[in-house]
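Containing mmCIF, C-alpha atoms: upload28.cif.
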data_input
loop_
_atom_site.label_atom_id
_atom_site.label_comp_id
_atom_site.auth_asym_id
_atom_site.auth_seq_id
_atom_site.Cartn_x
_atom_site.Cartn_y
_atom_site.Cartn_z
CA MET U 13 -5.18 -7.31 12.94
CA LYS U 14 -5.13 -6.15 16.53
CA LEU U 15 -2.05 -4.49 17.97
CA THR U 16 -1.72 -3.65 21.65
CA LYS U 17 0.97 -2.43 24.00
CA ALA U 18 1.56 -4.68 26.99
CA GLY U 19 4.13 -3.15 29.32
CA LYS U 20 7.42 -2.93 27.46
CA HIS U 21 6.20 -5.25 24.71
CA TYR U 22 3.83 -5.13 21.77
CA GLU U 23 1.34 -7.86 21.03
CA PHE U 24 -0.14 -8.78 17.67
CA GLN U 25 -3.30 -10.77 17.11
CA LEU U 26 -3.31 -11.83 13.49
CA SER U 27 -5.67 -13.89 11.40
CA SER U 28 -4.02 -16.62 9.34
CA ARG U 29 -4.33 -14.43 6.23
CA GLU U 30 -2.75 -11.42 7.97
CA LYS U 31 0.06 -13.57 9.33
CA ASP U 32 0.79 -14.89 5.82
CA LEU U 33 0.70 -11.36 4.36
CA LEU U 34 3.07 -9.98 7.00
CA ARG U 35 5.49 -12.85 6.52
CA HIS U 36 5.31 -12.45 2.75
CA VAL U 37 5.92 -8.69 2.70
CA LEU U 38 8.86 -9.06 5.09
CA SER U 39 10.33 -11.83 2.96
CA LEU U 40 10.65 -9.32 0.07
CA TYR U 41 13.41 -7.43 1.92
CA PRO U 42 15.71 -5.91 0.69
CA LYS U 43 14.02 -4.10 -2.17
CA ILE U 44 16.11 -0.92 -2.44
CA PRO U 45 18.95 -1.71 -4.85
CA ALA U 46 22.53 -1.52 -3.58
CA GLY U 47 24.22 1.72 -4.63
CA TYR U 48 20.95 3.67 -4.85
CA GLN U 49 21.68 5.95 -1.89
CA ARG U 50 24.17 8.76 -2.54
CA LEU U 51 26.19 10.46 0.17
CA SER U 52 26.10 13.85 -1.51
CA LYS U 53 24.38 15.58 -4.41
CA GLY U 54 27.28 17.98 -4.81
CA SER U 55 30.96 17.20 -4.65
CA SER U 56 32.01 13.67 -5.42
CA GLN U 57 33.44 11.92 -2.40
CA GLU U 58 34.19 8.51 -3.86
CA GLN U 59 36.06 7.20 -0.85
CA ASN U 60 33.35 8.24 1.61
CA GLN U 61 30.64 7.01 -0.80
CA GLN U 62 32.30 3.60 -0.78
CA LEU U 63 32.28 3.61 3.02
CA LEU U 64 28.57 4.46 3.02
CA ASP U 65 27.83 1.71 0.46
CA ASP U 66 29.75 -0.78 2.62
CA ALA U 67 27.90 0.29 5.78
CA LEU U 68 24.50 -0.01 4.08
CA ALA U 69 25.43 -3.42 2.64
CA GLU U 70 26.40 -4.59 6.12
CA THR U 71 23.09 -3.31 7.51
CA ARG U 72 21.15 -5.12 4.76
CA ALA U 73 23.00 -8.38 5.42
CA LYS U 74 22.37 -8.13 9.17
CA ASN U 75 18.69 -7.31 8.64
CA ARG U 76 18.31 -10.20 6.20
CA ALA U 77 19.83 -12.66 8.68
CA ARG U 78 17.69 -11.30 11.51
CA LEU U 79 14.59 -11.58 9.31
CA ASP U 80 15.34 -15.18 8.42
CA SER U 81 15.33 -15.96 12.13
CA PHE U 82 12.27 -13.78 12.79
CA LEU U 83 10.24 -15.42 10.02
CA GLU U 84 10.59 -18.84 11.59
CA HIS U 85 7.30 -19.91 12.99
CA LYS U 86 8.67 -20.24 16.52
CA HIS U 87 8.03 -16.50 17.09
CA LEU U 88 4.37 -16.93 16.22
CA LYS U 89 2.04 -18.87 18.43
CA GLN U 90 -1.12 -20.35 17.03
CA GLU U 91 -4.18 -19.70 19.12
CA GLU U 92 -7.85 -20.48 18.83
CA ASN U 93 -8.67 -17.34 16.83
CA GLY U 94 -5.50 -16.91 14.83
CA TRP U 95 -1.87 -16.11 15.57
CA HIS U 96 -0.16 -14.30 18.41
CA LEU U 97 3.13 -12.44 18.20
CA ARG U 98 4.86 -10.66 21.09
CA ILE U 99 7.80 -8.37 20.34
CA SER U 100 9.87 -5.62 21.96
CA ARG U 101 9.90 -1.94 21.00
CA GLU U 102 13.31 -2.46 19.41
CA ASP U 103 11.82 -5.18 17.20
CA MET U 104 8.91 -2.88 16.29
CA GLU U 105 11.36 -0.15 15.25
CA TRP U 106 13.38 -2.64 13.26
CA LEU U 107 10.30 -4.05 11.48
CA LEU U 108 9.27 -0.50 10.60
CA GLU U 109 12.68 0.07 8.99
CA VAL U 110 12.46 -3.20 7.05
CA LEU U 111 8.90 -2.48 5.88
CA ASN U 112 9.90 0.97 4.66
CA ASP U 113 12.69 -0.54 2.57
CA VAL U 114 10.08 -2.78 0.92
CA ARG U 115 7.76 0.20 0.39
CA VAL U 116 10.41 2.54 -1.08
CA GLY U 117 12.12 -0.25 -3.05
CA SER U 118 8.81 -1.29 -4.64
CA TRP U 119 8.15 2.31 -5.62
CA LEU U 120 11.63 2.54 -7.18
CA ARG U 121 10.99 -0.66 -9.15
CA MET U 122 7.84 0.93 -10.59
CA GLY U 123 9.98 3.82 -11.87
CA SER U 124 9.41 6.26 -8.97
CA PRO U 125 5.96 7.42 -10.18
CA GLU U 126 4.37 10.59 -8.83
CA PRO U 127 1.00 10.08 -7.15
CA PRO U 128 -1.70 9.37 -8.04
CA ILE U 129 -0.24 6.22 -9.50
CA ASN U 130 -2.21 5.51 -12.66
CA ASN U 131 -1.63 3.68 -15.90
CA LEU U 132 0.87 1.22 -14.55
CA ALA U 133 2.05 -1.62 -16.71
CA PRO U 134 0.49 -4.94 -15.62
CA GLU U 135 3.93 -6.29 -14.66
CA ALA U 136 4.23 -3.52 -12.04
CA ALA U 137 1.18 -4.82 -10.14
CA PRO U 138 3.18 -6.96 -7.67
CA ASP U 139 5.32 -3.92 -6.77
CA LEU U 140 2.26 -1.73 -6.24
CA TRP U 141 0.73 -4.43 -4.08
CA ALA U 142 3.95 -4.81 -2.01
CA MET U 143 4.23 -1.02 -1.59
CA GLU U 144 0.64 -0.70 -0.35
CA LEU U 145 0.84 -3.76 1.87
CA ALA U 146 4.08 -2.58 3.51
CA GLY U 147 2.40 0.80 4.04
CA TYR U 148 -0.63 -0.81 5.66
CA PHE U 149 1.53 -2.53 8.30
CA GLN U 150 3.72 0.57 8.75
CA MET U 151 0.75 2.79 9.54
CA ALA U 152 -0.57 0.27 12.07
CA PHE U 153 2.83 0.13 13.77
CA LEU U 154 3.24 3.91 13.77
CA GLU U 155 -0.18 4.43 15.27
CA LEU U 156 0.74 2.20 18.16
CA LEU U 157 4.28 3.56 18.63
CA ASP U 158 3.44 7.27 18.37
CA GLY U 159 -0.36 7.20 18.65
CA MET W 9 61.22 13.49 36.96
CA ALA W 10 60.30 12.58 33.41
CA GLU W 11 62.91 13.02 30.76
CA THR W 12 62.28 15.29 27.80
CA ALA W 13 61.03 13.14 24.95
CA THR W 14 62.58 13.42 21.53
CA PRO W 15 59.90 13.74 18.83
CA ASP W 16 60.04 10.84 16.41
CA VAL W 17 57.55 12.21 13.88
CA LEU W 18 58.75 14.31 10.98
CA PRO W 19 57.56 17.94 10.94
CA GLY W 20 55.97 17.51 7.49
CA THR W 21 53.87 14.63 8.72
CA ILE W 22 52.59 16.59 11.70
CA GLN W 23 51.50 19.46 9.47
CA GLU W 24 49.63 17.07 7.17
CA GLU W 25 47.81 15.44 10.09
CA SER W 26 46.84 18.73 11.68
CA ARG W 27 45.44 19.98 8.34
CA GLN W 28 43.37 16.81 8.08
CA ASP W 29 42.17 17.10 11.67
CA LYS W 30 41.13 20.70 11.07
CA SER W 31 39.04 19.70 8.07
CA GLN W 32 37.39 16.84 9.95
CA LEU W 33 36.56 19.06 12.91
CA ASP W 34 35.06 21.79 10.75
CA PRO W 35 31.36 21.89 11.64
CA GLY W 36 30.50 22.87 8.08
CA TYR W 37 28.65 19.80 6.83
CA LEU W 38 24.90 20.06 6.34
CA VAL W 39 22.71 17.01 6.66
CA ILE W 40 19.77 17.51 4.30
CA CYS W 41 16.59 15.49 3.91
CA TRP W 42 14.92 15.72 0.49
CA ASN W 43 11.26 15.28 -0.36
CA ASP W 44 9.93 12.19 -2.09
CA PRO W 45 6.35 11.12 -2.73
CA VAL W 46 6.64 7.69 -1.12
CA ASN W 47 7.67 8.09 2.53
CA TYR W 48 4.74 8.72 4.86
CA MET W 49 4.82 12.02 6.75
CA ASP W 50 4.27 10.19 10.05
CA TYR W 51 7.15 7.87 9.28
CA VAL W 52 9.53 10.76 8.47
CA THR W 53 8.56 12.47 11.75
CA HIS W 54 9.13 9.22 13.63
CA VAL W 55 12.58 8.70 12.09
CA PHE W 56 13.67 12.28 12.88
CA GLN W 57 12.67 11.77 16.51
CA LYS W 58 14.50 8.46 16.67
CA VAL W 59 17.72 9.48 14.89
CA PHE W 60 18.17 12.95 16.42
CA GLY W 61 16.31 12.47 19.71
CA TRP W 62 14.13 15.48 18.89
CA PRO W 63 10.77 16.22 20.49
CA ARG W 64 7.79 15.55 18.23
CA LYS W 65 7.17 19.25 17.54
CA LYS W 66 10.67 19.85 16.18
CA ALA W 67 10.57 16.65 14.13
CA GLU W 68 7.22 17.70 12.64
CA PHE W 69 8.58 21.15 11.79
CA HIS W 70 11.41 19.63 9.73
CA MET W 71 9.12 17.01 8.17
CA LEU W 72 6.77 19.78 7.00
CA GLN W 73 9.72 21.76 5.65
CA VAL W 74 10.75 18.71 3.60
CA HIS W 75 7.18 18.25 2.38
CA GLU W 76 6.45 21.89 1.53
CA GLN W 77 9.84 23.23 0.49
CA GLY W 78 11.36 20.10 -1.00
CA LYS W 79 14.15 19.82 1.55
CA SER W 80 15.17 20.61 5.09
CA VAL W 81 18.60 21.19 6.59
CA LEU W 82 18.46 18.99 9.65
CA VAL W 83 21.81 19.63 11.33
CA LYS W 84 25.19 21.23 10.68
CA GLU W 85 27.96 18.99 11.92
CA ILE W 86 31.56 17.88 11.65
CA LEU W 87 32.30 15.39 8.85
CA GLU W 88 32.18 12.22 10.95
CA LYS W 89 28.89 13.06 12.65
CA ALA W 90 27.29 14.23 9.42
CA GLU W 91 28.23 10.94 7.76
CA HIS W 92 26.78 9.06 10.71
CA TYR W 93 23.46 10.88 10.47
CA VAL W 94 23.24 10.39 6.70
CA HIS W 95 23.86 6.68 7.19
CA GLU W 96 21.17 6.47 9.87
CA LEU W 97 18.61 8.33 7.73
CA GLN W 98 19.41 6.25 4.65
CA LYS W 99 19.19 3.07 6.74
CA HIS W 100 15.57 4.11 7.27
CA SER W 101 15.20 4.64 3.49
CA LEU W 102 14.89 8.42 3.68
CA HIS W 103 16.40 10.52 0.90
CA ALA W 104 19.23 12.23 2.79
CA THR W 105 22.57 13.65 1.76
CA MET W 106 25.48 15.56 3.25
CA GLU W 107 26.57 18.82 1.63
CA ARG W 108 29.45 21.20 2.38
CA ASP W 109 28.17 24.54 3.73
CA GLU W 110 29.86 26.92 1.28
#
What would the structure in this file look like if it were written as structure tokens?
Amino acid sequence: MKLTKAGKHYEFQLSSREKDLLRHVLSLYPKIPAGYQRLSKGSSQEQNQQLLDDALAETRAKNRARLDSFLEHKHLKQEENGWHLRISREDMEWLLEVLNDVRVGSWLRMGSPEPPINNLAPEAAPDLWAMELAGYFQMAFLELLDG
Amino acid sequence: MAETATPDVLPGTIQEESRQDKSQLDPGYLVICWNDPVNYMDYVTHVFQKVFGWPRKKAEFHMLQVHEQGKSVLVKEILEKAEHYVHELQKHSLHATMERDE
């Protein structure tokens, strides 16, 4: 994968395999279960908690709809050596947010293990794979954004 | 010249509203980020910069506080703003809560 900054945009050069992996890991969104995030550890604020839950649900629904559009092939152009994707900084930030949901949600599904992650049940393998794959793309994005 | 207006709100109601306003304007709500072993340090720094508009150095300071001390108090704000920040941080999948500064 090659990522470059071109003016106000970011350009991806992806092999077919990388393109499929990116599309697959994004398609796993959302992974963090609804109701997981708490507004406060202390006093119970049920009304405000409900407002937070509603706001996060709305964000998830918007992100899911935006992803469905993003994952259409029209955003990716096939070239001689693979695939080309050109996106704005706002899209980069948004993809980072989506990828982190997949990373954290996969970790939660494994039972929130402390590192190093050893002795996982075989059925947790897909979650470990999704967590690591999301992390791989996140680090590449962060390097380019903050490098 | 404008005529003197006759108040049409009951005194009890006004007192209730002003008590509520006072509580909402009290800058006594702490926004706290808690440590977890899954979020990358670079990602946490990036999100702090984005959400609070902080320079990298300040964002790194708070990220390291989260990492080394288990938590960091990021800002002390009025209720509405604190809720906004918690929502923004949680939108980015960080472990953040809002606590009353007792």
* To do: Find, counting only C-alpha atoms, the residue in W:Glu68, W:Asp50, W:Glu76, W:Asp109 that gets nearest to Pro35 in chain W.
  =>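 Closest to Pro35 in chain W, using only C-alpha atoms: W:Asp109.
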* Distance in Å - CA of Trp119 in chain U versus CA of Leu154 in chain U ->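 A separation of 20.1 Å between them.
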* To do: Tell me the residues of chain W close to chain U, meaning within 7 Å using all atoms listed in the file, as a PyMOL selection string.
  => chain W and resi 45-46+95+98-101+105-107
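Remark: for Ile86 in chain W, the closest of the candidate residues W:Thr53, W:Phe60, W:Arg108, W:Lys66 is W:Arg108 (distances computed over only C-alpha atoms).
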* **Best match for closeness to Arg29 in chain U among U:Met13, U:Asn130, U:Lys89, U:Pro138, counting all atoms listed in the file** => U:Met13
Just write range 15-117 of chain U with C-alpha atoms, as a PDB file, in the first residue's frame, taken from the block above.
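part39.pdb written:
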ATOM      1  CA  LEU U  15      -0.286   6.523   0.683  1.00  0.00           C
ATOM      2  CA  THR U  16       0.626  10.034  -0.389  1.00  0.00           C
ATOM      3  CA  LYS U  17      -0.603  13.551   0.225  1.00  0.00           C
ATOM      4  CA  ALA U  18      -1.497  15.462  -2.923  1.00  0.00           C
ATOM      5  CA  GLY U  19      -2.483  19.026  -2.079  1.00  0.00           C
ATOM      6  CA  LYS U  20      -5.620  18.896   0.042  1.00  0.00           C
ATOM      7  CA  HIS U  21      -6.248  15.251  -0.813  1.00  0.00           C
ATOM      8  CA  TYR U  22      -4.797  11.868   0.045  1.00  0.00           C
ATOM      9  CA  GLU U  23      -4.082   9.229  -2.546  1.00  0.00           C
ATOM     10  CA  PHE U  24      -3.982   5.481  -2.041  1.00  0.00           C
ATOM     11  CA  GLN U  25      -2.302   2.982  -4.325  1.00  0.00           C
ATOM     12  CA  LEU U  26      -3.576  -0.432  -3.353  1.00  0.00           C
ATOM     13  CA  SER U  27      -2.960  -3.905  -4.678  1.00  0.00           C
ATOM     14  CA  SER U  28      -6.089  -5.946  -5.337  1.00  0.00           C
ATOM     15  CA  ARG U  29      -5.494  -7.868  -2.094  1.00  0.00           C
ATOM     16  CA  GLU U  30      -5.079  -4.656  -0.063  1.00  0.00           C
ATOM     17  CA  LYS U  31      -8.191  -3.160  -1.620  1.00  0.00           C
ATOM     18  CA  ASP U  32     -10.194  -6.275  -0.689  1.00  0.00           C
ATOM     19  CA  LEU U  33      -8.811  -6.231   2.866  1.00  0.00           C
ATOM     20  CA  LEU U  34      -9.626  -2.546   3.371  1.00  0.00           C
ATOM     21  CA  ARG U  35     -13.132  -3.009   2.036  1.00  0.00           C
ATOM     22  CA  HIS U  36     -13.624  -6.077   4.215  1.00  0.00           C
ATOM     23  CA  VAL U  37     -12.417  -4.494   7.458  1.00  0.00           C
ATOM     24  CA  LEU U  38     -14.592  -1.427   6.846  1.00  0.00           C
ATOM     25  CA  SER U  39     -17.601  -3.621   6.137  1.00  0.00           C
ATOM     26  CA  LEU U  40     -17.353  -4.975   9.721  1.00  0.00           C
ATOM     27  CA  TYR U  41     -18.441  -1.598  11.156  1.00  0.00           C
ATOM     28  CA  PRO U  42     -19.983  -1.124  13.705  1.00  0.00           C
ATOM     29  CA  LYS U  43     -18.321  -3.547  16.099  1.00  0.00           C
ATOM     30  CA  ILE U  44     -18.704  -1.742  19.433  1.00  0.00           C
ATOM     31  CA  PRO U  45     -22.039  -2.878  20.894  1.00  0.00           C
ATOM     32  CA  ALA U  46     -24.747  -0.275  21.488  1.00  0.00           C
ATOM     33  CA  GLY U  47     -24.925   0.733  25.157  1.00  0.00           C
ATOM     34  CA  TYR U  48     -21.264  -0.075  25.840  1.00  0.00           C
ATOM     35  CA  GLN U  49     -20.186   3.527  26.410  1.00  0.00           C
ATOM     36  CA  ARG U  50     -21.165   5.041  29.761  1.00  0.00           C
ATOM     37  CA  LEU U  51     -21.530   8.760  30.379  1.00  0.00           C
ATOM     38  CA  SER U  52     -20.247   8.566  33.939  1.00  0.00           C
ATOM     39  CA  LYS U  53     -18.603   6.074  36.278  1.00  0.00           C
ATOM     40  CA  GLY U  54     -20.076   7.809  39.304  1.00  0.00           C
ATOM     41  CA  SER U  55     -23.563   9.170  39.714  1.00  0.00           C
ATOM     42  CA  SER U  56     -26.266   7.657  37.575  1.00  0.00           C
ATOM     43  CA  GLN U  57     -27.642  10.127  35.075  1.00  0.00           C
ATOM     44  CA  GLU U  58     -30.186   7.963  33.293  1.00  0.00           C
ATOM     45  CA  GLN U  59     -31.737  10.758  31.286  1.00  0.00           C
ATOM     46  CA  ASN U  60     -28.390  12.083  30.057  1.00  0.00           C
ATOM     47  CA  GLN U  61     -27.159   8.507  29.453  1.00  0.00           C
ATOM     48  CA  GLN U  62     -30.154   7.949  27.192  1.00  0.00           C
ATOM     49  CA  LEU U  63     -29.304  11.121  25.273  1.00  0.00           C
ATOM     50  CA  LEU U  64     -25.721   9.908  24.827  1.00  0.00           C
ATOM     51  CA  ASP U  65     -26.923   6.461  23.672  1.00  0.00           C
ATOM     52  CA  ASP U  66     -29.244   8.131  21.160  1.00  0.00           C
ATOM     53  CA  ALA U  67     -26.471  10.401  19.868  1.00  0.00           C
ATOM     54  CA  LEU U  68     -24.058   7.480  19.441  1.00  0.00           C
ATOM     55  CA  ALA U  69     -26.756   5.402  17.703  1.00  0.00           C
ATOM     56  CA  GLU U  70     -27.364   8.274  15.297  1.00  0.00           C
ATOM     57  CA  THR U  71     -23.624   8.552  14.616  1.00  0.00           C
ATOM     58  CA  ARG U  72     -23.401   4.797  13.953  1.00  0.00           C
ATOM     59  CA  ALA U  73     -26.350   4.901  11.553  1.00  0.00           C
ATOM     60  CA  LYS U  74     -24.877   7.872   9.663  1.00  0.00           C
ATOM     61  CA  ASN U  75     -21.452   6.220   9.464  1.00  0.00           C
ATOM     62  CA  ARG U  76     -22.998   2.962   8.251  1.00  0.00           C
ATOM     63  CA  ALA U  77     -24.896   4.754   5.481  1.00  0.00           C
ATOM     64  CA  ARG U  78     -21.805   6.737   4.494  1.00  0.00           C
ATOM     65  CA  LEU U  79     -19.755   3.520   4.432  1.00  0.00           C
ATOM     66  CA  ASP U  80     -22.262   1.768   2.202  1.00  0.00           C
ATOM     67  CA  SER U  81     -21.801   4.568  -0.301  1.00  0.00           C
ATOM     68  CA  PHE U  82     -18.025   4.667   0.186  1.00  0.00           C
ATOM     69  CA  LEU U  83     -17.639   0.923  -0.354  1.00  0.00           C
ATOM     70  CA  GLU U  84     -19.184   1.115  -3.800  1.00  0.00           C
ATOM     71  CA  HIS U  85     -16.542   0.539  -6.382  1.00  0.00           C
ATOM     72  CA  LYS U  86     -17.097   3.931  -8.011  1.00  0.00           C
ATOM     73  CA  HIS U  87     -14.697   5.519  -5.480  1.00  0.00           C
ATOM     74  CA  LEU U  88     -11.941   3.122  -6.503  1.00  0.00           C
ATOM     75  CA  LYS U  89     -10.356   3.306  -9.899  1.00  0.00           C
ATOM     76  CA  GLN U  90      -8.622   0.296 -11.349  1.00  0.00           C
ATOM     77  CA  GLU U  91      -5.237   1.016 -12.815  1.00  0.00           C
ATOM     78  CA  GLU U  92      -2.514  -1.019 -14.423  1.00  0.00           C
ATOM     79  CA  ASN U  93      -0.794  -1.875 -11.128  1.00  0.00           C
ATOM     80  CA  GLY U  94      -3.752  -2.082  -8.799  1.00  0.00           C
ATOM     81  CA  TRP U  95      -6.337   0.324  -7.416  1.00  0.00           C
ATOM     82  CA  HIS U  96      -6.348   4.062  -6.876  1.00  0.00           C
ATOM     83  CA  LEU U  97      -8.367   5.919  -4.262  1.00  0.00           C
ATOM     84  CA  ARG U  98      -8.389   9.694  -3.752  1.00  0.00           C
ATOM     85  CA  ILE U  99     -10.023  11.117  -0.625  1.00  0.00           C
ATOM     86  CA  SER U 100     -10.177  14.330   1.404  1.00  0.00           C
ATOM     87  CA  ARG U 101      -8.705  14.893   4.865  1.00  0.00           C
ATOM     88  CA  GLU U 102     -12.223  14.776   6.286  1.00  0.00           C
ATOM     89  CA  ASP U 103     -12.684  11.317   4.763  1.00  0.00           C
ATOM     90  CA  MET U 104      -9.325  10.212   6.188  1.00  0.00           C
ATOM     91  CA  GLU U 105     -10.391  11.353   9.664  1.00  0.00           C
ATOM     92  CA  TRP U 106     -13.710   9.604   9.282  1.00  0.00           C
ATOM     93  CA  LEU U 107     -12.110   6.336   8.099  1.00  0.00           C
ATOM     94  CA  LEU U 108      -9.776   6.480  11.093  1.00  0.00           C
ATOM     95  CA  GLU U 109     -12.791   6.757  13.411  1.00  0.00           C
ATOM     96  CA  VAL U 110     -14.542   3.841  11.683  1.00  0.00           C
ATOM     97  CA  LEU U 111     -11.406   1.665  11.770  1.00  0.00           C
ATOM     98  CA  ASN U 112     -10.943   2.328  15.476  1.00  0.00           C
ATOM     99  CA  ASP U 113     -14.493   1.169  16.163  1.00  0.00           C
ATOM    100  CA  VAL U 114     -13.650  -2.094  14.398  1.00  0.00           C
ATOM    101  CA  ARG U 115     -10.391  -2.402  16.356  1.00  0.00           C
ATOM    102  CA  VAL U 116     -11.913  -1.674  19.797  1.00  0.00           C
ATOM    103  CA  GLY U 117     -15.105  -3.646  19.067  1.00  0.00           C
TER     104      GLY U 117
END
